[in-house]
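Asker: Contents of coords19.csv (CSV, C-alpha atoms) are given next:
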chain,number,residue,atom,x,y,z
L,1,MET,CA,0.0,0.0,0.0
L,2,LYS,CA,2.9,2.3,0.8
L,3,LEU,CA,4.4,1.7,-2.7
L,4,THR,CA,1.1,2.3,-4.4
L,5,LEU,CA,0.4,5.8,-3.2
L,6,PRO,CA,3.7,7.2,-4.4
L,7,ALA,CA,3.2,5.5,-7.8
L,8,LEU,CA,-0.3,6.9,-8.0
L,9,ALA,CA,1.0,10.4,-7.1
L,10,VAL,CA,3.6,10.1,-9.8
L,11,VAL,CA,1.0,9.0,-12.4
L,12,VAL,CA,-1.2,11.9,-11.4
L,13,ALA,CA,1.7,14.4,-11.6
L,14,VAL,CA,2.7,13.0,-15.0
L,15,LEU,CA,-0.9,13.3,-16.3
L,16,PHE,CA,-1.1,16.8,-15.0
L,17,VAL,CA,2.1,17.8,-16.7
L,18,VAL,CA,1.0,16.2,-19.9
L,19,SER,CA,-2.4,18.0,-19.8
L,20,GLN,CA,-0.6,21.2,-19.3
L,21,SER,CA,1.7,20.5,-22.3
L,22,ILE,CA,-1.1,19.9,-24.8
L,23,TYR,CA,-3.7,22.3,-26.2
L,24,THR,CA,-6.2,22.1,-29.0
L,25,VAL,CA,-7.2,24.7,-31.5
L,26,ASP,CA,-10.8,24.7,-32.7
L,27,GLN,CA,-11.5,25.4,-36.4
L,28,ARG,CA,-13.5,28.5,-35.3
L,29,LYS,CA,-10.6,29.9,-33.2
L,30,TYR,CA,-7.2,31.5,-33.4
L,31,ALA,CA,-4.6,30.6,-30.7
L,32,ILE,CA,-1.7,32.7,-29.4
L,33,LYS,CA,1.0,31.0,-27.4
L,34,PHE,CA,2.8,33.1,-24.9
L,35,GLN,CA,6.0,32.5,-23.0
L,36,LEU,CA,6.4,34.6,-19.9
L,37,GLY,CA,3.9,37.2,-21.4
L,38,GLU,CA,5.6,37.4,-24.7
L,39,ILE,CA,4.0,36.2,-28.0
L,40,ILE,CA,6.1,33.4,-29.4
L,41,GLU,CA,3.6,31.7,-31.8
L,42,THR,CA,0.1,31.9,-33.3
L,43,LYS,CA,-2.0,29.1,-34.6
L,44,SER,CA,-4.9,29.4,-37.1
L,45,ASP,CA,-5.3,25.8,-38.2
L,46,ALA,CA,-7.4,23.4,-36.1
L,47,GLY,CA,-5.5,20.6,-34.4
L,48,LEU,CA,-3.5,19.4,-31.4
L,49,TYR,CA,-0.4,21.3,-30.3
L,50,PHE,CA,2.2,21.2,-27.5
L,51,LYS,CA,3.6,23.8,-25.1
L,52,TRP,CA,5.9,23.9,-22.2
L,53,PRO,CA,3.9,23.7,-19.0
L,54,PHE,CA,3.9,26.5,-16.5
L,55,ILE,CA,6.1,28.8,-18.5
L,56,GLN,CA,3.9,28.9,-21.6
L,57,ASN,CA,0.2,29.7,-21.9
L,58,VAL,CA,-2.4,30.0,-24.7
L,59,LYS,CA,-5.2,32.5,-25.4
L,60,TYR,CA,-8.0,31.9,-28.0
L,61,TYR,CA,-9.8,34.4,-30.2
L,62,ASP,CA,-12.7,34.1,-32.6
L,63,LYS,CA,-12.1,33.4,-36.2
L,64,VAL,CA,-15.8,33.7,-37.2
L,65,ASN,CA,-17.5,36.9,-38.3
L,66,LEU,CA,-18.4,39.3,-35.5
L,67,THR,CA,-21.1,41.9,-35.4
L,68,LEU,CA,-20.9,45.5,-34.2
L,69,ASP,CA,-24.3,47.0,-33.4
L,70,ASN,CA,-24.8,50.7,-32.9
L,71,PRO,CA,-26.6,51.1,-29.6
L,72,GLU,CA,-28.3,54.4,-30.5
L,73,PRO,CA,-28.7,56.2,-33.9
L,74,ASP,CA,-26.1,58.8,-34.6
L,75,ARG,CA,-27.1,62.3,-35.8
L,76,MET,CA,-25.5,63.2,-39.1
L,77,THR,CA,-25.8,66.1,-41.5
L,78,THR,CA,-26.4,66.1,-45.2
L,79,SER,CA,-25.1,68.5,-47.8
L,80,GLU,CA,-28.2,70.7,-47.3
L,81,LYS,CA,-27.3,70.9,-43.6
L,82,LYS,CA,-30.3,68.8,-42.8
L,83,PRO,CA,-29.9,66.4,-39.8
L,84,LEU,CA,-30.6,62.7,-40.1
L,85,LEU,CA,-30.7,59.9,-37.5
L,86,VAL,CA,-28.5,57.0,-38.8
L,87,ASP,CA,-28.5,53.5,-37.3
L,88,PHE,CA,-25.9,51.1,-38.7
L,89,VAL,CA,-24.5,47.6,-38.2
L,90,VAL,CA,-21.0,46.4,-39.1
L,91,LEU,CA,-19.8,42.9,-39.9
L,92,TRP,CA,-16.1,42.3,-39.1
L,93,LYS,CA,-13.6,39.6,-38.3
L,94,ILE,CA,-10.0,39.1,-37.1
L,95,ILE,CA,-7.6,38.4,-39.9
L,96,ASP,CA,-4.2,38.9,-38.1
L,97,VAL,CA,-4.5,37.7,-34.6
L,98,ARG,CA,-0.9,38.8,-33.6
L,99,GLN,CA,-1.5,42.3,-34.8
L,100,TYR,CA,-5.0,42.2,-33.2
L,101,TYR,CA,-3.4,41.4,-29.8
L,102,VAL,CA,-0.6,43.9,-30.1
L,103,SER,CA,-3.0,46.7,-31.1
L,104,VAL,CA,-5.9,46.2,-28.7
L,105,GLN,CA,-4.4,43.7,-26.3
L,106,GLY,CA,-6.9,41.2,-27.5
L,107,ASP,CA,-9.8,43.2,-26.1
L,108,GLU,CA,-12.8,42.7,-28.3
L,109,GLU,CA,-14.6,45.6,-26.7
L,110,ALA,CA,-11.7,47.9,-27.5
L,111,ALA,CA,-11.7,46.7,-31.1
L,112,ARG,CA,-15.4,47.4,-31.3
L,113,ARG,CA,-15.0,50.9,-30.0
L,114,ARG,CA,-12.2,51.6,-32.6
L,115,LEU,CA,-14.3,50.2,-35.4
L,116,ALA,CA,-17.4,52.2,-34.3
L,117,GLN,CA,-15.4,55.4,-34.2
L,118,THR,CA,-14.0,54.8,-37.7
L,119,VAL,CA,-17.3,53.8,-39.3
L,120,ARG,CA,-19.1,56.8,-37.7
L,121,ALA,CA,-16.5,59.3,-39.0
L,122,ASN,CA,-16.6,57.9,-42.5
L,123,LEU,CA,-20.4,57.7,-42.6
L,124,ALA,CA,-20.7,61.3,-41.5
L,125,GLN,CA,-18.2,62.3,-44.2
L,126,GLU,CA,-20.2,60.4,-46.9
L,127,PHE,CA,-23.6,61.7,-45.7
L,128,ASN,CA,-22.3,65.2,-45.9
L,129,LYS,CA,-21.7,64.8,-49.6
L,130,HIS,CA,-25.4,64.0,-50.4
L,131,ASP,CA,-28.8,65.6,-50.0
L,132,VAL,CA,-31.6,64.1,-48.0
L,133,HIS,CA,-33.3,62.4,-50.9
L,134,GLU,CA,-30.1,60.7,-52.0
L,135,ALA,CA,-29.1,59.8,-48.5
L,136,ILE,CA,-32.4,58.1,-47.8
L,137,SER,CA,-32.9,56.3,-51.2
L,138,SER,CA,-30.6,56.4,-54.2
L,139,ALA,CA,-27.2,56.9,-52.6
L,140,ARG,CA,-27.4,54.5,-49.7
L,141,ASP,CA,-25.5,51.7,-51.4
L,142,LYS,CA,-22.8,54.1,-52.5
L,143,ILE,CA,-22.5,55.5,-49.0
L,144,THR,CA,-22.1,52.1,-47.3
L,145,SER,CA,-19.7,50.8,-50.0
L,146,VAL,CA,-17.3,53.8,-49.6
L,147,THR,CA,-17.6,53.7,-45.8
L,148,GLN,CA,-16.8,50.0,-45.8
L,149,GLN,CA,-13.7,50.5,-48.0
L,150,LYS,CA,-12.4,53.4,-45.9
L,151,ALA,CA,-13.1,51.7,-42.5
L,152,ASN,CA,-11.5,48.5,-43.7
L,153,ALA,CA,-8.3,50.4,-44.6
L,154,ASP,CA,-8.1,51.7,-41.0
L,155,ALA,CA,-9.2,48.3,-39.5
L,156,LYS,CA,-6.3,46.4,-41.0
L,157,SER,CA,-4.0,48.4,-38.8
L,158,ILE,CA,-5.4,46.5,-35.8
L,159,GLY,CA,-5.5,43.2,-37.6
L,160,VAL,CA,-9.2,43.0,-38.4
L,161,GLU,CA,-11.3,43.3,-41.6
L,162,VAL,CA,-14.6,45.2,-42.1
L,163,ILE,CA,-16.6,42.8,-44.2
L,164,ASP,CA,-19.8,44.9,-44.6
L,165,VAL,CA,-21.5,48.1,-43.4
L,166,ARG,CA,-25.3,48.2,-43.5
L,167,LEU,CA,-27.7,51.1,-42.7
L,168,ARG,CA,-30.6,49.7,-40.7
L,169,ARG,CA,-32.4,53.0,-40.4
L,170,VAL,CA,-32.1,56.5,-41.9
L,171,GLU,CA,-34.7,59.0,-40.8
L,172,LEU,CA,-35.4,62.6,-39.9
L,173,PRO,CA,-35.2,63.6,-36.3
L,174,PRO,CA,-38.6,64.3,-34.6
L,175,ASP,CA,-37.9,68.0,-34.3
L,176,VAL,CA,-37.7,68.4,-38.1
L,177,THR,CA,-40.1,65.7,-39.3
L,178,GLY,CA,-43.2,68.0,-38.9
L,179,PRO,CA,-41.9,70.9,-41.0
L,180,VAL,CA,-40.6,68.4,-43.7
L,181,TYR,CA,-44.0,66.7,-43.9
L,182,GLN,CA,-45.6,70.1,-44.2
L,183,ARG,CA,-43.3,71.1,-47.1
L,184,MET,CA,-43.9,67.7,-48.8
L,185,GLU,CA,-47.7,68.2,-48.4
L,186,SER,CA,-47.5,71.8,-49.9
L,187,GLU,CA,-45.4,70.5,-52.8
L,188,ARG,CA,-47.8,67.7,-53.5
L,189,ARG,CA,-50.7,70.1,-53.3
L,190,ARG,CA,-48.9,72.5,-55.7
L,191,VAL,CA,-48.3,69.6,-58.2
L,192,ALA,CA,-52.0,68.5,-57.8
L,193,ASN,CA,-53.2,72.0,-58.5
L,194,GLU,CA,-50.9,72.3,-61.5
L,195,LEU,CA,-52.2,68.9,-62.9
L,196,ARG,CA,-55.8,70.0,-62.4
L,197,SER,CA,-55.1,73.3,-64.2
L,198,MET,CA,-53.5,71.4,-67.1
L,199,GLY,CA,-56.4,69.0,-67.2
L,200,ALA,CA,-59.0,71.8,-67.2
L,201,ALA,CA,-57.2,73.6,-70.1
L,202,GLU,CA,-57.0,70.3,-72.0
L,203,SER,CA,-60.6,69.7,-71.3
L,204,GLU,CA,-61.6,73.1,-72.7
L,205,GLN,CA,-59.5,72.5,-75.8
L,206,ILE,CA,-61.2,69.2,-76.4
L,207,ARG,CA,-64.6,70.7,-75.9
L,208,ALA,CA,-63.8,73.6,-78.3
L,209,ASP,CA,-62.5,71.1,-80.9
L,210,ALA,CA,-65.6,68.9,-80.5
L,211,ASP,CA,-67.9,72.0,-80.9
L,212,ARG,CA,-66.0,73.0,-84.0
L,213,GLN,CA,-66.3,69.5,-85.5
L,214,ARG,CA,-70.0,69.5,-84.6
L,215,GLN,CA,-70.6,72.8,-86.4
L,216,VAL,CA,-68.6,71.5,-89.5
L,217,ILE,CA,-70.6,68.2,-89.5
L,218,LEU,CA,-74.0,70.1,-89.1
L,219,ALA,CA,-73.1,72.5,-91.8
L,220,ASP,CA,-72.0,69.8,-94.2
L,221,ALA,CA,-75.2,67.8,-93.4
L,222,TYR,CA,-77.4,70.9,-94.0
L,223,ARG,CA,-75.6,71.5,-97.3
L,224,GLN,CA,-76.2,68.0,-98.4
L,225,ALA,CA,-79.8,68.1,-97.2
L,226,GLN,CA,-80.4,71.3,-99.1
L,227,LYS,CA,-78.8,69.9,-102.2
L,228,ILE,CA,-81.0,66.7,-102.0
L,229,LYS,CA,-84.1,68.8,-101.3
L,230,GLY,CA,-83.2,71.1,-104.3
L,231,ASP,CA,-82.7,68.1,-106.5
L,232,GLY,CA,-86.1,66.7,-105.3
L,233,ASP,CA,-87.9,70.0,-105.9
L,234,ALA,CA,-86.4,70.2,-109.4
L,235,LYS,CA,-87.5,66.7,-110.2
L,236,ALA,CA,-91.0,67.5,-108.8
L,237,SER,CA,-91.3,70.7,-110.8
L,238,LEU,CA,-90.2,68.7,-113.9
L,239,ILE,CA,-92.9,66.1,-113.2
L,240,TYR,CA,-95.5,68.8,-112.5
L,241,GLY,CA,-94.5,70.6,-115.7
L,242,GLN,CA,-94.7,67.4,-117.8
L,243,ALA,CA,-98.1,66.6,-116.2
L,244,TYR,CA,-99.4,70.1,-116.8
L,245,GLY,CA,-98.3,70.0,-120.4
L,246,LYS,CA,-100.2,66.8,-121.1
L,247,ASN,CA,-103.6,68.1,-119.8
L,248,PRO,CA,-103.6,71.6,-118.5
L,249,GLU,CA,-107.3,71.6,-117.7
L,250,PHE,CA,-107.2,68.5,-115.7
L,251,TYR,CA,-104.2,69.8,-113.8
L,252,ALA,CA,-106.0,73.0,-112.9
L,253,PHE,CA,-109.0,71.0,-111.8
L,254,TYR,CA,-106.8,68.8,-109.6
L,255,ARG,CA,-105.1,71.7,-108.0
L,256,SER,CA,-108.6,73.3,-107.3
L,257,LEU,CA,-109.7,70.1,-105.5
L,258,ASP,CA,-106.6,70.3,-103.3
L,259,ALA,CA,-107.4,73.9,-102.5
L,260,TYR,CA,-111.0,72.9,-101.6
L,261,LYS,CA,-109.8,70.1,-99.4
L,262,ALA,CA,-107.4,72.5,-97.6
L,263,ALA,CA,-110.0,75.2,-97.2
L,264,PHE,CA,-112.9,73.1,-96.0
L,265,GLN,CA,-111.5,70.7,-93.4
L,266,GLY,CA,-114.2,71.1,-90.8
L,267,ARG,CA,-118.0,71.7,-90.6
L,268,ARG,CA,-117.5,75.1,-89.1
L,269,ASP,CA,-115.1,76.4,-91.7
L,270,LEU,CA,-116.4,79.6,-93.1
L,271,MET,CA,-115.2,81.7,-96.1
L,272,VAL,CA,-116.8,84.9,-97.4
L,273,LEU,CA,-116.1,85.1,-101.2
L,274,ASP,CA,-117.9,86.4,-104.3
L,275,PRO,CA,-119.8,83.5,-105.9
L,276,SER,CA,-118.5,84.6,-109.2
L,277,SER,CA,-114.9,84.2,-108.0
L,278,GLN,CA,-112.5,81.9,-109.9
L,279,PHE,CA,-112.2,79.9,-106.7
L,280,PHE,CA,-115.7,78.4,-107.3
L,281,ARG,CA,-115.6,78.0,-111.0
L,282,TYR,CA,-115.6,74.2,-110.7
L,283,PHE,CA,-118.7,74.4,-108.5
L,284,LYS,CA,-120.7,75.7,-111.5
L,285,GLN,CA,-122.4,73.4,-114.0
L,286,ASP,CA,-122.8,75.8,-116.8
L,287,GLY,CA,-120.7,76.3,-119.9
L,288,ASN,CA,-118.2,78.5,-118.1
L,289,ALA,CA,-117.0,75.7,-115.9
L,290,LYS,CA,-116.2,72.6,-117.9
L,291,VAL,CA,-115.3,69.4,-116.0
L,292,PRO,CA,-112.1,68.1,-117.6
L,293,ALA,CA,-112.1,64.8,-119.3
L,294,GLY,CA,-111.4,61.9,-117.1
L,295,ALA,CA,-113.0,63.6,-114.0
L,296,LYS,CA,-116.5,62.7,-112.6
L,297,ALA,CA,-118.8,65.4,-111.3
L,298,ARG,CA,-119.7,64.7,-107.7
Would it be possible to restate this file's structure as structure tokens?
Answerer:
Amino acid sequence: MKLTLPALAVVVAVLFVVSQSIYTVDQRKYAIKFQLGEIIETKSDAGLYFKWPFIQNVKYYDKVNLTLDNPEPDRMTTSEKKPLLVDFVVLWKIIDVRQYYVSVQGDEEAARRRLAQTVRANLAQEFNKHDVHEAISSARDKITSVTQQKANADAKSIGVEVIDVRLRRVELPPDVTGPVYQRMESERRRVANELRSMGAAESEQIRADADRQRQVILADAYRQAQKIKGDGDAKASLIYGQAYGKNPEFYAFYRSLDAYKAAFQGRRDLMVLDPSSQFFRYFKQDGNAKVPAGAKAR
């Protein structure tokens, strides 16, 4: 029993020393090996590695992409001196773990503060080159792209890379939102009134053109109607003339009958005329009023 305890103690000591001599590097991590506080080696490949126990130690840092969230929107100014509230997010990662440790002592929070300061400065510079409309809509991609490039140039000095910069929110501050909305409403009202005026003018032009076309159509129709009526009257006169030439007496008798019919349409019709008037010549049965051939006396 006395021999077993020392042997067990030796085994435990050996295992402890071996465990202190071996370290593993995950595929999602970087490893820095220190000897008495000085960097002597960095590892980026996953695997099993050895170190001297007690005098060497290892620290690990993330190799995966990291996120920098802006806690509160920043107030930035456009080229028109209009303020905007800008909220952004940054995607970054460590690319040189030795430089990263030397620059910020491996403090991720310190690296975040450095990146946030750089991104804010470059964003403010880019927003100052554009007006409100461009900053909110058309120039957003350009602003973030240029900011990412400039921030990445500075980030490499601390061993990190800025992968992407995104604008989550760009809006007007509450103290200027009201007046801006009022100006937008006034502008929309002005445009609407202008469109209404243009529509009214075009409507009047269309009505005037329609009236002109109507007058032209009516005049042309009246001309054609008068022409047709004139042709009809000419043909009727020709027919009347031909009929009159064949039997003038009968034609005079027929016209007199039409006159009698038009004059005596009712029982109470009354006319005061001389009995010897030519109007009554066909009412007489003497020799002065001959009934034309082909007509029966009634």
Asker: Of the candidates L:Val170, L:Leu257, L:Ala192, L:Met184, which shows the shortest atom-to-atom distance to L:Ser137, using all atoms listed in the file?
Answerer: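 For L:Ser137, the nearest of the given residues is L:Val170.
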Asker: What are the nearest atom pairs, with distances in Å to one decimal, for all residues of stretch 35-78 of chain L that come at most 9 Å from stretch 111-122 of chain L, using all atoms listed in the file, set out by chain and rising residue number as CSV?
Answerer:
residue,atom,partner,partner_atom,distance
L:Thr67,CA,L:Arg112,CA,8.9
L:Leu68,CA,L:Arg112,CA,6.5
L:Asp69,CA,L:Ala116,CA,8.7
L:Asn70,CA,L:Ala116,CA,7.7
L:Asp74,CA,L:Arg120,CA,7.9
Asker: Select, from L:Ala31, L:Val89, L:Ile95, L:Ala221, the residue with the minimum atom-to-atom distance to L:Leu48, counting only C-alpha atoms.
Answerer: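 So, comparing all the options, the nearest one is L:Ala31.
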Asker: List as a PyMOL selection string the protein and nucleic acid residues near L:Val25, meaning an atom at most 12 Å away when all atoms listed in the file are counted, but skip any in the same chain fewer than 2 places from it.
Answerer: chain L and resi 22-23+27-33+42-50+58-63
Asker: For atom CA of L:Ile158 and atom CA of L:Lys51, determine how far apart the two atoms are, in Å to one decimal place.
Answerer: 26.7 Å
Asker: Ranking L:Ile136, L:Val176, L:Ile94, L:Ala110 by minimum distance to L:Ile163 and counting only C-alpha atoms, which one comes first?
Answerer: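 Smallest separation from L:Ile163 among the options: L:Ile94.
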Asker: So, counting only C-alpha atoms, which residue among L:Leu167, L:Ile40, L:Ala135, L:Val104 is closest to L:Ala155?
Answerer: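 Result for the nearest residue to L:Ala155: L:Val104.
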Asker: For atom CA of L:Glu171 and atom CA of L:Arg75, determine how far apart the two atoms are, in Å to one decimal place.
Answerer: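 According to the coordinates, atom CA of L:Glu171 and atom CA of L:Arg75 are separated by 9.7 Å.
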Asker: Which of these residues is nearest to L:Asp175, using all atoms listed in the file: L:Ala252, L:Ala259, L:Leu84, L:Leu36?
Answerer: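 Answer, going by the shortest atom-to-atom distance: L:Leu84.
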Asker: Could you jot down the atom CA of L:Asn193 to atom CA of L:Tyr181 separation for me, Å, one decimal place?
Answerer: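 Atom-to-atom, atom CA of L:Asn193 and atom CA of L:Tyr181 are spaced 18.1 Å apart.
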Asker: Could you check which of L:Ser256, L:Ser237, L:Asn152, L:Ser138 is closest to L:Trp92, using only C-alpha atoms?
Answerer: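 Among the listed residues, L:Asn152 lies closest to L:Trp92.
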Asker: Please, could N, CA and C atoms be added to stretch 36-63 of chain L and the result written as a PDB file, keeping the file's coordinate frame?
Answerer:
ATOM      1  N   LEU L  36       6.070  33.580 -20.831  1.00  0.00           N
ATOM      2  CA  LEU L  36       6.400  34.600 -19.900  1.00  0.00           C
ATOM      3  C   LEU L  36       5.817  35.987 -20.345  1.00  0.00           C
ATOM      4  N   GLY L  37       4.561  35.942 -20.922  1.00  0.00           N
ATOM      5  CA  GLY L  37       3.900  37.200 -21.400  1.00  0.00           C
ATOM      6  C   GLY L  37       4.254  37.647 -22.732  1.00  0.00           C
ATOM      7  N   GLU L  38       5.174  36.978 -23.412  1.00  0.00           N
ATOM      8  CA  GLU L  38       5.600  37.400 -24.700  1.00  0.00           C
ATOM      9  C   GLU L  38       5.069  36.432 -25.796  1.00  0.00           C
ATOM     10  N   ILE L  39       4.565  37.000 -26.902  1.00  0.00           N
ATOM     11  CA  ILE L  39       4.000  36.200 -28.000  1.00  0.00           C
ATOM     12  C   ILE L  39       5.176  35.438 -28.663  1.00  0.00           C
ATOM     13  N   ILE L  40       5.048  34.125 -28.744  1.00  0.00           N
ATOM     14  CA  ILE L  40       6.100  33.400 -29.400  1.00  0.00           C
ATOM     15  C   ILE L  40       5.545  32.598 -30.635  1.00  0.00           C
ATOM     16  N   GLU L  41       4.176  32.432 -30.700  1.00  0.00           N
ATOM     17  CA  GLU L  41       3.600  31.700 -31.800  1.00  0.00           C
ATOM     18  C   GLU L  41       2.119  31.903 -31.897  1.00  0.00           C
ATOM     19  N   THR L  42       1.586  31.873 -33.126  1.00  0.00           N
ATOM     20  CA  THR L  42       0.100  31.900 -33.300  1.00  0.00           C
ATOM     21  C   THR L  42      -0.278  30.728 -34.174  1.00  0.00           C
ATOM     22  N   LYS L  43      -1.480  30.237 -33.910  1.00  0.00           N
ATOM     23  CA  LYS L  43      -2.000  29.100 -34.600  1.00  0.00           C
ATOM     24  C   LYS L  43      -3.408  29.484 -35.192  1.00  0.00           C
ATOM     25  N   SER L  44      -3.608  29.183 -36.487  1.00  0.00           N
ATOM     26  CA  SER L  44      -4.900  29.400 -37.100  1.00  0.00           C
ATOM     27  C   SER L  44      -5.551  28.142 -37.636  1.00  0.00           C
ATOM     28  N   ASP L  45      -4.738  27.070 -37.725  1.00  0.00           N
ATOM     29  CA  ASP L  45      -5.300  25.800 -38.200  1.00  0.00           C
ATOM     30  C   ASP L  45      -5.706  24.944 -37.008  1.00  0.00           C
ATOM     31  N   ALA L  46      -6.853  24.257 -37.184  1.00  0.00           N
ATOM     32  CA  ALA L  46      -7.400  23.400 -36.100  1.00  0.00           C
ATOM     33  C   ALA L  46      -6.436  22.207 -35.921  1.00  0.00           C
ATOM     34  N   GLY L  47      -6.279  21.769 -34.653  1.00  0.00           N
ATOM     35  CA  GLY L  47      -5.500  20.600 -34.400  1.00  0.00           C
ATOM     36  C   GLY L  47      -4.987  20.548 -32.946  1.00  0.00           C
ATOM     37  N   LEU L  48      -4.100  19.592 -32.685  1.00  0.00           N
ATOM     38  CA  LEU L  48      -3.500  19.400 -31.400  1.00  0.00           C
ATOM     39  C   LEU L  48      -2.092  19.855 -31.358  1.00  0.00           C
ATOM     40  N   TYR L  49      -1.751  20.689 -30.350  1.00  0.00           N
ATOM     41  CA  TYR L  49      -0.400  21.300 -30.300  1.00  0.00           C
ATOM     42  C   TYR L  49       0.164  21.134 -28.885  1.00  0.00           C
ATOM     43  N   PHE L  50       1.482  21.388 -28.793  1.00  0.00           N
ATOM     44  CA  PHE L  50       2.200  21.200 -27.500  1.00  0.00           C
ATOM     45  C   PHE L  50       2.793  22.548 -27.068  1.00  0.00           C
ATOM     46  N   LYS L  51       2.944  22.659 -25.747  1.00  0.00           N
ATOM     47  CA  LYS L  51       3.600  23.800 -25.100  1.00  0.00           C
ATOM     48  C   LYS L  51       4.291  23.391 -23.865  1.00  0.00           C
ATOM     49  N   TRP L  52       5.212  24.237 -23.435  1.00  0.00           N
ATOM     50  CA  TRP L  52       5.900  23.900 -22.200  1.00  0.00           C
ATOM     51  C   TRP L  52       4.969  24.318 -21.029  1.00  0.00           C
ATOM     52  N   PRO L  53       4.752  23.371 -20.147  1.00  0.00           N
ATOM     53  CA  PRO L  53       3.900  23.700 -19.000  1.00  0.00           C
ATOM     54  C   PRO L  53       4.489  24.717 -18.088  1.00  0.00           C
ATOM     55  N   PHE L  54       3.605  25.495 -17.482  1.00  0.00           N
ATOM     56  CA  PHE L  54       3.900  26.500 -16.500  1.00  0.00           C
ATOM     57  C   PHE L  54       4.614  27.736 -17.000  1.00  0.00           C
ATOM     58  N   ILE L  55       5.420  27.618 -18.017  1.00  0.00           N
ATOM     59  CA  ILE L  55       6.100  28.800 -18.500  1.00  0.00           C
ATOM     60  C   ILE L  55       5.450  29.334 -19.819  1.00  0.00           C
ATOM     61  N   GLN L  56       4.589  28.521 -20.401  1.00  0.00           N
ATOM     62  CA  GLN L  56       3.900  28.900 -21.600  1.00  0.00           C
ATOM     63  C   GLN L  56       2.372  28.797 -21.389  1.00  0.00           C
ATOM     64  N   ASN L  57       1.651  29.723 -21.971  1.00  0.00           N
ATOM     65  CA  ASN L  57       0.200  29.700 -21.900  1.00  0.00           C
ATOM     66  C   ASN L  57      -0.422  30.077 -23.232  1.00  0.00           C
ATOM     67  N   VAL L  58      -1.716  29.778 -23.419  1.00  0.00           N
ATOM     68  CA  VAL L  58      -2.400  30.000 -24.700  1.00  0.00           C
ATOM     69  C   VAL L  58      -3.696  30.764 -24.483  1.00  0.00           C
ATOM     70  N   LYS L  59      -3.967  31.721 -25.413  1.00  0.00           N
ATOM     71  CA  LYS L  59      -5.200  32.500 -25.400  1.00  0.00           C
ATOM     72  C   LYS L  59      -5.906  32.253 -26.790  1.00  0.00           C
ATOM     73  N   TYR L  60      -7.243  32.224 -26.736  1.00  0.00           N
ATOM     74  CA  TYR L  60      -8.000  31.900 -28.000  1.00  0.00           C
ATOM     75  C   TYR L  60      -8.852  33.161 -28.342  1.00  0.00           C
ATOM     76  N   TYR L  61      -8.999  33.336 -29.664  1.00  0.00           N
ATOM     77  CA  TYR L  61      -9.800  34.400 -30.200  1.00  0.00           C
ATOM     78  C   TYR L  61     -10.639  33.925 -31.371  1.00  0.00           C
ATOM     79  N   ASP L  62     -11.795  34.540 -31.551  1.00  0.00           N
ATOM     80  CA  ASP L  62     -12.700  34.100 -32.600  1.00  0.00           C
ATOM     81  C   ASP L  62     -12.213  34.303 -33.977  1.00  0.00           C
ATOM     82  N   LYS L  63     -12.399  33.288 -34.805  1.00  0.00           N
ATOM     83  CA  LYS L  63     -12.100  33.400 -36.200  1.00  0.00           C
ATOM     84  C   LYS L  63     -13.331  33.727 -37.051  1.00  0.00           C
TER      85      LYS L  63
END
